[in-house]
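Heads up, coords_25.tsv below (TSV, C-alpha atoms):
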chain	number	residue	atom	x	y	z
A	1	MET	CA	0.00	0.00	0.00
A	2	ILE	CA	1.42	3.38	-1.06
A	3	THR	CA	-1.30	5.84	-0.01
A	4	CYS	CA	-4.53	5.84	1.95
A	5	ALA	CA	-6.32	5.61	-1.41
A	6	ASP	CA	-5.00	2.03	-1.72
A	7	CYS	CA	-6.47	0.90	1.60
A	8	ASP	CA	-9.62	-1.22	1.82
A	9	GLU	CA	-10.66	0.77	4.91
A	10	TYR	CA	-10.45	4.17	3.18
A	11	PRO	CA	-11.61	6.62	4.50
A	12	CYS	CA	-10.94	5.40	8.01
A	13	GLU	CA	-11.47	7.21	11.31
A	14	LYS	CA	-7.70	7.55	11.76
A	15	LEU	CA	-7.38	9.49	8.48
A	16	LEU	CA	-10.38	11.71	9.19
A	17	LYS	CA	-9.05	12.49	12.67
A	18	LYS	CA	-5.56	13.22	11.32
A	19	LEU	CA	-6.98	15.65	8.76
A	20	GLY	CA	-9.17	17.28	11.39
A	21	ILE	CA	-12.15	16.82	9.10
A	22	ASP	CA	-15.09	18.88	10.29
A	23	LEU	CA	-17.99	19.55	7.95
A	24	GLN	CA	-18.39	23.07	9.29
A	25	LEU	CA	-14.77	24.19	9.68
A	26	ASP	CA	-11.51	23.74	7.83
A	27	SER	CA	-8.58	22.99	10.08
A	28	PHE	CA	-6.21	24.05	7.32
A	29	ILE	CA	-6.88	25.05	3.72
A	30	SER	CA	-4.76	22.26	2.28
A	31	HIS	CA	-6.93	19.72	4.08
A	32	LYS	CA	-10.00	20.69	2.05
A	33	PRO	CA	-8.90	18.82	-1.07
A	34	ALA	CA	-7.36	15.85	0.78
A	35	LEU	CA	-10.31	13.46	0.47
A	36	PRO	CA	-11.22	14.51	-3.10
A	37	ASN	CA	-7.55	14.00	-4.05
A	38	LEU	CA	-7.52	10.53	-2.52
A	39	ASP	CA	-10.82	9.73	-4.26
A	40	ARG	CA	-9.35	10.84	-7.59
A	41	ASN	CA	-6.21	8.77	-6.91
A	42	ARG	CA	-8.41	5.70	-6.33
A	43	GLU	CA	-10.34	6.43	-9.52
A	44	VAL	CA	-7.45	6.95	-11.96
A	45	GLY	CA	-4.44	5.42	-10.20
A	46	LEU	CA	-1.35	7.01	-8.73
A	47	LYS	CA	0.55	7.50	-12.00
A	48	VAL	CA	-2.27	9.46	-13.68
A	49	TRP	CA	-3.03	11.40	-10.49
A	50	LEU	CA	0.62	12.46	-10.16
A	51	LYS	CA	0.61	13.60	-13.80
A	52	GLU	CA	-2.49	15.70	-13.08
A	53	GLN	CA	-0.83	17.23	-10.02
A	54	ARG	CA	2.24	18.16	-12.07
A	55	GLU	CA	-0.05	19.88	-14.56
A	56	ARG	CA	-1.74	21.72	-11.67
A	57	ARG	CA	1.65	22.92	-10.41
A	58	LEU	CA	2.71	24.12	-13.86
A	59	VAL	CA	-0.50	26.12	-14.33
A	60	LEU	CA	-0.02	27.70	-10.90
A	61	GLU	CA	3.59	28.58	-11.73
A	62	GLY	CA	2.38	30.24	-14.95
A	63	MET	CA	-0.20	32.30	-13.07
A	64	LEU	CA	2.40	33.40	-10.53
A	65	ALA	CA	4.87	34.32	-13.26
A	66	ASN	CA	2.39	36.28	-15.38
A	67	TYR	CA	-0.45	37.52	-13.15
A	68	ASN	CA	0.92	38.03	-9.64
A	69	ASP	CA	0.81	41.62	-8.46
A	70	GLY	CA	2.48	40.70	-5.17
A	71	ARG	CA	-0.89	40.21	-3.47
A	72	SER	CA	-2.40	37.35	-5.45
A	73	MET	CA	-0.13	34.43	-4.61
A	74	SER	CA	-2.27	33.02	-1.78
A	75	PHE	CA	-5.46	33.36	-3.80
A	76	TYR	CA	-3.95	31.55	-6.80
A	77	CYS	CA	-2.58	28.80	-4.56
A	78	VAL	CA	-5.92	28.25	-2.84
A	79	ALA	CA	-7.85	28.32	-6.12
A	80	THR	CA	-5.45	25.88	-7.75
A	81	ALA	CA	-5.69	23.54	-4.77
A	82	LEU	CA	-9.48	23.61	-4.53
A	83	MET	CA	-10.68	23.87	-8.13
A	84	PRO	CA	-10.46	21.25	-10.85
A	85	ILE	CA	-7.54	22.00	-13.12
A	86	SER	CA	-9.91	22.30	-16.09
A	87	MET	CA	-11.57	25.29	-14.41
A	88	ILE	CA	-8.26	26.98	-13.67
A	89	LYS	CA	-7.18	26.48	-17.28
A	90	LYS	CA	-10.50	27.91	-18.45
A	91	ALA	CA	-9.88	31.01	-16.31
A	92	VAL	CA	-6.36	31.47	-17.66
A	93	ASP	CA	-7.59	30.98	-21.24
A	94	LYS	CA	-10.29	33.60	-20.70
A	95	MET	CA	-7.69	35.97	-19.28
A	96	GLN	CA	-5.38	35.43	-22.25
A	97	ASN	CA	-8.31	36.10	-24.59
A	98	MET	CA	-8.97	39.39	-22.80
A	99	LEU	CA	-5.31	40.35	-23.25
A	100	VAL	CA	-5.37	39.50	-26.97
A	101	LYS	CA	-8.52	41.63	-27.39
A	102	ASN	CA	-6.88	44.46	-25.41
A	103	GLN	CA	-9.66	44.33	-22.80
A	104	VAL	CA	-6.93	44.39	-20.14
A	105	ASP	CA	-3.64	46.27	-20.43
A	106	ASP	CA	-0.91	43.63	-20.73
A	107	SER	CA	1.64	46.00	-19.19
A	108	ASP	CA	-0.48	46.63	-16.05
A	109	ILE	CA	0.22	43.76	-13.65
A	110	LYS	CA	-2.36	45.00	-11.13
A	111	ALA	CA	-5.08	45.09	-13.78
A	112	LYS	CA	-4.13	41.63	-15.01
A	113	ALA	CA	-4.14	40.19	-11.48
A	114	LYS	CA	-7.46	41.82	-10.64
A	115	ALA	CA	-9.05	40.51	-13.84
A	116	LEU	CA	-7.76	36.95	-13.35
A	117	ARG	CA	-8.82	36.86	-9.69
A	118	SER	CA	-12.28	38.02	-10.75
A	119	ILE	CA	-12.53	35.37	-13.47
A	120	ILE	CA	-11.42	32.61	-11.09
A	121	GLN	CA	-13.81	33.76	-8.37
A	122	ASP	CA	-16.69	33.90	-10.85
A	123	ILE	CA	-16.01	30.36	-12.13
A	124	ALA	CA	-15.64	29.05	-8.58
A	125	SER	CA	-18.86	30.72	-7.41
A	126	LYS	CA	-20.85	29.41	-10.38
A	127	SER	CA	-19.53	25.92	-9.61
A	128	GLY	CA	-20.32	26.10	-5.90
A	129	ILE	CA	-16.66	26.12	-4.87
A	130	ASP	CA	-15.90	28.18	-1.78
A	131	LEU	CA	-12.38	29.60	-1.94
A	132	LYS	CA	-12.48	30.96	1.61
A	133	LEU	CA	-11.32	29.22	4.75
A	134	ARG	CA	-14.11	28.80	7.29
A	135	LYS	CA	-12.43	29.56	10.59
A	136	GLN	CA	-13.69	28.98	14.07
A	137	SER	CA	-14.45	32.36	15.61
A	138	ARG	CA	-12.27	33.27	18.52
A	139	LYS	CA	-14.06	33.94	21.74
A	140	LYS	CA	-12.96	37.06	23.56
A	141	GLU	CA	-11.67	36.39	27.02
A	142	ASN	CA	-12.62	38.88	29.69
The structure given in the file should be rewritten as C-alpha cells.
Amino acid sequence: MITCADCDEYPCEKLLKKLGIDLQLDSFISHKPALPNLDRNREVGLKVWLKEQRERRLVLEGMLANYNDGRSMSFYCVATALMPISMIKKAVDKMQNMLVKNQVDDSDIKAKAKALRSIIQDIASKSGIDLKLRKQSRKKEN
C-alpha cells in the first residue's frame, strides 16, 4: 500500500481524525482537497493522479509568473488547490483572450491580477466552490 487511497478501509477514522475533518470548519486550507484528491487517486491510479498534479503545479507557476501583483499568490494557490484543473485552465484561457482583445492592459500587472482573480472567483462561485477558509471564531476572554 502506497497511499490511503490504496487501503480497503479508506476513509478510516484515523485518516479523518488526522486531517481534522469537520464539515463546518476547515482545520487548514490544504486539508479541504485531501479526500477529493484521494478519491481521484483511487479512480485513476497514482501515476495518472501524479501527472495531473504536475499539470496543476505548472498552471499555478504560470499564473504566478504572469499575473501576480504581489498580493495574489495566496489566492492563486488556494484556487489551484481547490478547483479542478480544467476550471483553472478555463480562467487562464479567458484571461489570455482578454489580453489579446486588449480588454486588459498587458503591461499593467495590477489590472491583469485583478481581472484573473475576478474570473477565477466567478467560475468558482458558479460551480459552488468556496475559496475561503471557514475559521472557528475566537471567543474574547474577559
Selection: 12 Å around Leu116 (chain A), all atoms listed in the file, excl. self and same-chain fewer than 3 positions, as a PyMOL selection string: chain A and resi 63-64+66-69+72-73+75-76+79+88-99+104+109-113+119-123
Between CA of Asp39 (chain A) and CA of Ala5 (chain A), distance in Å (one decimal):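 Answer for the CA of Asp39 (chain A) to CA of Ala5 (chain A) separation: 6.7 Å.
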For CA of Ala34 (chain A) and CA of Thr3 (chain A), the interatomic separation in Å (one decimal):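 Separation between CA of Ala34 (chain A) and CA of Thr3 (chain A): 11.7 Å.
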Interatomic distance, CA of Asp6 (chain A) to CA of Arg42 (chain A) (Å, one decimal): 6.8 Å
Among the residues A:Lys51, A:Arg57, A:Pro84, A:Pro11, the one that comes closest to Leu35 (chain A) [using only C-alpha atoms]: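 Nearest candidate to Leu35 (chain A) out of A:Lys51, A:Arg57, A:Pro84, A:Pro11: A:Pro11.
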Residue with smallest distance to Ile129 (chain A) - pool A:Val59, A:Ala81, A:Val100, A:Ile2, counting all atoms listed in the file: A:Ala81
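Here the question is which of A:Ser74, A:Asn41, A:Ser127, A:Thr80 gets nearest to Leu58 (chain A) using all atoms listed in the file, and that residue is A:Thr80.
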